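Containing TSV, C-alpha atoms: start_36.tsv.
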```tsv
chain	number	residue	atom	x	y	z
A	1	GLY	CA	22.83	166.93	87.83
A	2	SER	CA	23.93	169.64	90.17
A	3	GLY	CA	24.29	169.45	93.90
A	4	PHE	CA	26.77	168.77	96.62
A	5	VAL	CA	27.21	164.99	96.23
A	6	PRO	CA	27.91	164.98	92.46
A	7	GLU	CA	30.29	167.90	92.95
A	8	LEU	CA	32.03	166.04	95.78
A	9	VAL	CA	32.43	162.93	93.62
A	10	GLN	CA	33.99	165.09	90.89
A	11	ARG	CA	36.33	166.59	93.48
A	12	LEU	CA	37.37	163.11	94.65
A	13	HIS	CA	38.13	162.14	91.04
A	14	ARG	CA	40.23	165.29	90.63
A	15	TYR	CA	42.05	164.54	93.90
A	16	PHE	CA	42.99	161.02	92.82
A	17	GLY	CA	43.98	162.46	89.45
A	18	GLY	CA	46.63	164.51	91.22
A	19	GLN	CA	44.90	167.89	91.24
A	20	PRO	CA	45.11	170.01	94.41
A	21	VAL	CA	41.64	170.13	95.88
A	22	SER	CA	40.38	170.80	99.39
A	23	PHE	CA	37.74	168.95	101.34
A	24	ALA	CA	37.75	171.41	104.25
A	25	ASP	CA	34.20	172.53	103.46
A	26	VAL	CA	32.71	169.01	103.59
A	27	PRO	CA	30.38	168.94	106.61
A	28	LEU	CA	31.23	166.29	109.18
A	29	ASP	CA	29.49	164.99	112.27
A	30	GLU	CA	31.76	166.28	115.03
A	31	ASP	CA	29.60	164.89	117.83
A	32	TRP	CA	31.54	161.61	117.84
A	33	GLY	CA	34.56	163.00	119.67
A	34	THR	CA	35.77	165.16	122.50
A	35	PRO	CA	36.19	168.93	122.15
A	36	PHE	CA	39.95	168.38	121.74
A	37	GLN	CA	39.35	165.83	118.97
A	38	ALA	CA	37.08	168.33	117.23
A	39	ALA	CA	39.87	170.93	117.54
A	40	LEU	CA	42.34	168.42	116.07
A	41	ALA	CA	39.99	167.79	113.15
A	42	ARG	CA	39.56	171.53	112.48
A	43	ALA	CA	43.33	172.16	112.68
A	44	LEU	CA	44.09	169.24	110.39
A	45	ARG	CA	41.54	170.33	107.81
A	46	ASP	CA	43.51	173.59	107.53
A	47	VAL	CA	46.76	171.79	106.61
A	48	PRO	CA	46.97	172.36	102.85
A	49	TRP	CA	47.49	169.88	100.04
A	50	GLY	CA	51.11	168.77	99.77
A	51	GLU	CA	52.13	169.87	103.27
A	52	VAL	CA	52.69	167.82	106.41
A	53	VAL	CA	52.78	168.47	110.14
A	54	SER	CA	54.11	166.34	112.96
A	55	TYR	CA	51.79	164.87	115.59
A	56	GLY	CA	53.17	167.42	118.06
A	57	GLU	CA	52.63	170.31	115.66
A	58	LEU	CA	49.04	169.16	115.10
A	59	SER	CA	48.34	169.03	118.82
A	60	ALA	CA	49.81	172.53	119.23
A	61	LEU	CA	47.67	173.83	116.34
A	62	ALA	CA	44.65	172.37	118.15
A	63	GLY	CA	45.55	174.30	121.29
A	64	ARG	CA	47.27	171.66	123.38
A	65	ALA	CA	51.05	171.58	123.04
A	66	ARG	CA	52.79	168.34	124.04
A	67	ALA	CA	49.75	166.17	123.23
A	68	ALA	CA	51.36	164.36	120.31
A	69	ARG	CA	50.26	160.97	121.63
A	70	SER	CA	46.63	162.14	121.70
A	71	ALA	CA	46.99	163.43	118.15
A	72	GLY	CA	48.36	160.03	117.12
A	73	THR	CA	45.44	158.22	118.73
A	74	PHE	CA	43.04	160.62	117.01
A	75	CYS	CA	44.58	159.86	113.62
A	76	ALA	CA	44.60	156.11	114.26
A	77	GLU	CA	40.85	156.28	114.96
A	78	ASN	CA	40.02	158.79	112.20
A	79	ARG	CA	37.04	157.59	110.18
A	80	PHE	CA	36.86	160.55	107.81
A	81	SER	CA	40.00	159.72	105.77
A	82	LEU	CA	40.51	162.39	103.09
A	83	PHE	CA	38.11	164.84	104.73
A	84	VAL	CA	40.26	164.89	107.89
A	85	PRO	CA	43.58	164.29	106.14
A	86	CYS	CA	45.61	162.32	108.69
A	87	HIS	CA	47.89	161.20	105.87
A	88	ARG	CA	49.42	164.70	106.25
A	89	VAL	CA	50.49	163.97	109.84
A	90	VAL	CA	53.91	162.39	110.20
A	91	SER	CA	56.14	161.39	113.07
A	92	VAL	CA	59.29	163.33	113.82
A	93	GLY	CA	61.39	160.32	112.85
A	94	GLY	CA	59.59	159.31	109.67
A	95	ILE	CA	56.22	158.75	108.08
A	96	GLY	CA	54.31	157.44	111.11
A	97	GLY	CA	51.42	155.02	110.87
A	98	TYR	CA	48.18	155.03	108.94
A	99	GLY	CA	45.86	152.66	110.75
A	100	SER	CA	44.28	149.76	108.89
A	101	LEU	CA	45.00	151.27	105.46
A	102	GLY	CA	48.74	151.04	106.06
A	103	VAL	CA	51.82	153.12	105.50
A	104	GLU	CA	52.06	152.38	101.76
A	105	TYR	CA	48.63	153.91	101.21
A	106	LYS	CA	49.71	156.94	103.25
A	107	ARG	CA	52.85	157.26	101.08
A	108	ARG	CA	50.70	156.98	97.96
A	109	LEU	CA	48.45	159.85	99.08
A	110	LEU	CA	51.45	162.01	99.96
A	111	ARG	CA	53.10	161.27	96.60
A	112	LEU	CA	49.81	162.11	94.88
A	113	GLU	CA	50.01	165.50	96.60
A	114	GLY	CA	53.57	166.00	95.42
A	115	TYR	CA	55.18	165.38	98.79
A	116	GLY	CA	57.93	162.93	97.90
A	117	ALA	CA	60.26	163.23	100.89
A	118	LEU	CA	58.95	160.22	102.87
```

I need this file expressed as structure tokens, please.
Amino acid sequence: GSGFVPELVQRLHRYFGGQPVSFADVPLDEDWGTPFQAALARALRDVPWGEVVSYGELSALAGRARAARSAGTFCAENRFSLFVPCHRVVSVGGIGGYGSLGVEYKRRLLRLEGYGAL
């Protein structure tokens, strides 16, 4: 059938098949967080497939420079996984964390997107 959910499932299959797809248009409930967290989510959804930003760069993109720690907390608490792609946020000194899913899963997603440097 047609519709948003079947199309989204197809997109997820393409993503895990290594095809560059975007989830930036997937509607999310932004009422769960603060205005700054909503700004972080919007900024992160604009980071394209295969690219990364540091926690500090993400906070600057969201309008608050020098809030890298807040960006890190936001990513640690992110419950929208691929739709708010925190796997694309890395620390200045390396890959950074990835909450309960772990760093290996984060590396796997980045490799899937062709980002092999970490």

- Item | Selection as number ranges by chain: residues within 7 Å of (51.8, 162.0, 116.6), counting only C-alpha atoms | A: 54-56, 68-69, 71-72, 90-91

Exercise. CA of Leu58 (chain A) and CA of Ala39 (chain A), how far apart in Å?
Worked result: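 Here the two named atoms are 9.7 Å from each other.
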
message: For a quick check of understanding, using all atoms listed in the file, which of A:Gly102, A:Gly96, A:Gly63, A:Gly116 has the smallest distance to Gln37 (chain A)?
response: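 Closest candidate: A:Gly63.
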
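Using only C-alpha atoms, the protein and nucleic acid residues lying at most 7 Å from the point (46.1, 158.6, 93.9) are Phe16, Gly17, Gly18, Arg108, Leu109 and Leu112 of chain A.
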
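Remark: for Ser81 (chain A), the closest of the candidate residues A:Ala67, A:Ala38, A:Leu28, A:Ala62 is A:Leu28 (distances computed over all atoms listed in the file).
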
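Computed from the coordinates, the CA of Val52 (chain A) to CA of Arg88 (chain A) distance equals 4.5 Å.
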
*asked:* Calculated over all atoms listed in the file, which of the candidates A:Pro27, A:Gly97, A:Pro20, A:Pro35 has the smallest distance to Arg64 (chain A)?
replied: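 With all atoms listed in the file as the atom set, the closest residue is A:Pro35.
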
For Leu82 (chain A), list every protein, DNA or RNA residue within 10 Å, evaluated using all atoms listed in the file, and leave out those in the same chain fewer than 3 positions away; present the list as number ranges by chain.
A: 12, 15, 22-24, 45, 78-79, 85-88, 109

Generate a file of the selected residues that holds C-alpha atoms, formatted as a short mmCIF file (atom, residue, chain, number, x, y, z; two decimals), in the frame of the given file.
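As written to disk, result-v8.cif reads:
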```cif
data_model
loop_
_atom_site.label_atom_id
_atom_site.label_comp_id
_atom_site.auth_asym_id
_atom_site.auth_seq_id
_atom_site.Cartn_x
_atom_site.Cartn_y
_atom_site.Cartn_z
CA LEU A 12 37.37 163.11 94.65
CA TYR A 15 42.05 164.54 93.90
CA SER A 22 40.38 170.80 99.39
CA PHE A 23 37.74 168.95 101.34
CA ALA A 24 37.75 171.41 104.25
CA ARG A 45 41.54 170.33 107.81
CA ASN A 78 40.02 158.79 112.20
CA ARG A 79 37.04 157.59 110.18
CA PRO A 85 43.58 164.29 106.14
CA CYS A 86 45.61 162.32 108.69
CA HIS A 87 47.89 161.20 105.87
CA ARG A 88 49.42 164.70 106.25
CA LEU A 109 48.45 159.85 99.08
#
```

Calculated over all atoms listed in the file, which of the candidates A:Glu77, A:Glu51, A:Asp25, A:Asp31 has the smallest distance to Val89 (chain A)?
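Checking each candidate against Val89 (chain A), we get A:Glu51 as the closest.
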
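Checking A:Phe36, A:Phe4, A:Tyr105, A:Tyr115 one by one against Leu61 (chain A), counting all atoms listed in the file, you find the shortest gap at A:Phe36.
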
In Å and to one decimal, CA of Gly99 (chain A) is distant from CA of Ala76 (chain A) by 5.1 Å

Using only C-alpha atoms, the residue out of A:Ala60, A:Val84, A:Leu101, A:Val92 with shortest distance to Asp29 (chain A) is A:Val84

Would you fill out region 20-32 of chain A with N, CA and C atoms and return it as a compact mmCIF listing (two decimals), in the frame of the given file?
```
# COMPACT_ATOMS: atom_id res chain seq x y z
N PRO A 20 45.29 169.50 93.04
CA PRO A 20 45.11 170.01 94.41
C PRO A 20 43.68 170.47 94.64
N VAL A 21 42.99 169.75 95.49
CA VAL A 21 41.64 170.13 95.88
C VAL A 21 41.57 170.09 97.40
N SER A 22 40.59 170.78 97.94
CA SER A 22 40.38 170.80 99.39
C SER A 22 39.03 170.18 99.71
N PHE A 23 38.99 169.50 100.84
CA PHE A 23 37.74 168.95 101.34
C PHE A 23 37.34 169.61 102.66
N ALA A 24 37.96 170.76 102.95
CA ALA A 24 37.75 171.41 104.25
C ALA A 24 36.32 171.89 104.44
N ASP A 25 35.58 172.05 103.35
CA ASP A 25 34.20 172.53 103.46
C ASP A 25 33.18 171.40 103.57
N VAL A 26 33.63 170.15 103.50
CA VAL A 26 32.71 169.01 103.59
C VAL A 26 32.21 168.91 105.03
N PRO A 27 30.89 169.00 105.24
CA PRO A 27 30.38 168.94 106.61
C PRO A 27 30.57 167.56 107.22
N LEU A 28 31.01 167.54 108.47
CA LEU A 28 31.23 166.29 109.18
C LEU A 28 30.46 166.30 110.49
N ASP A 29 30.11 165.14 110.95
CA ASP A 29 29.49 164.99 112.27
C ASP A 29 30.60 165.04 113.30
N GLU A 30 30.69 166.14 114.03
CA GLU A 30 31.76 166.28 115.03
C GLU A 30 31.31 165.83 116.41
N ASP A 31 30.11 165.31 116.52
CA ASP A 31 29.60 164.89 117.83
C ASP A 31 30.24 163.60 118.33
N TRP A 32 30.97 162.91 117.48
CA TRP A 32 31.54 161.61 117.84
C TRP A 32 32.70 161.74 118.80
```
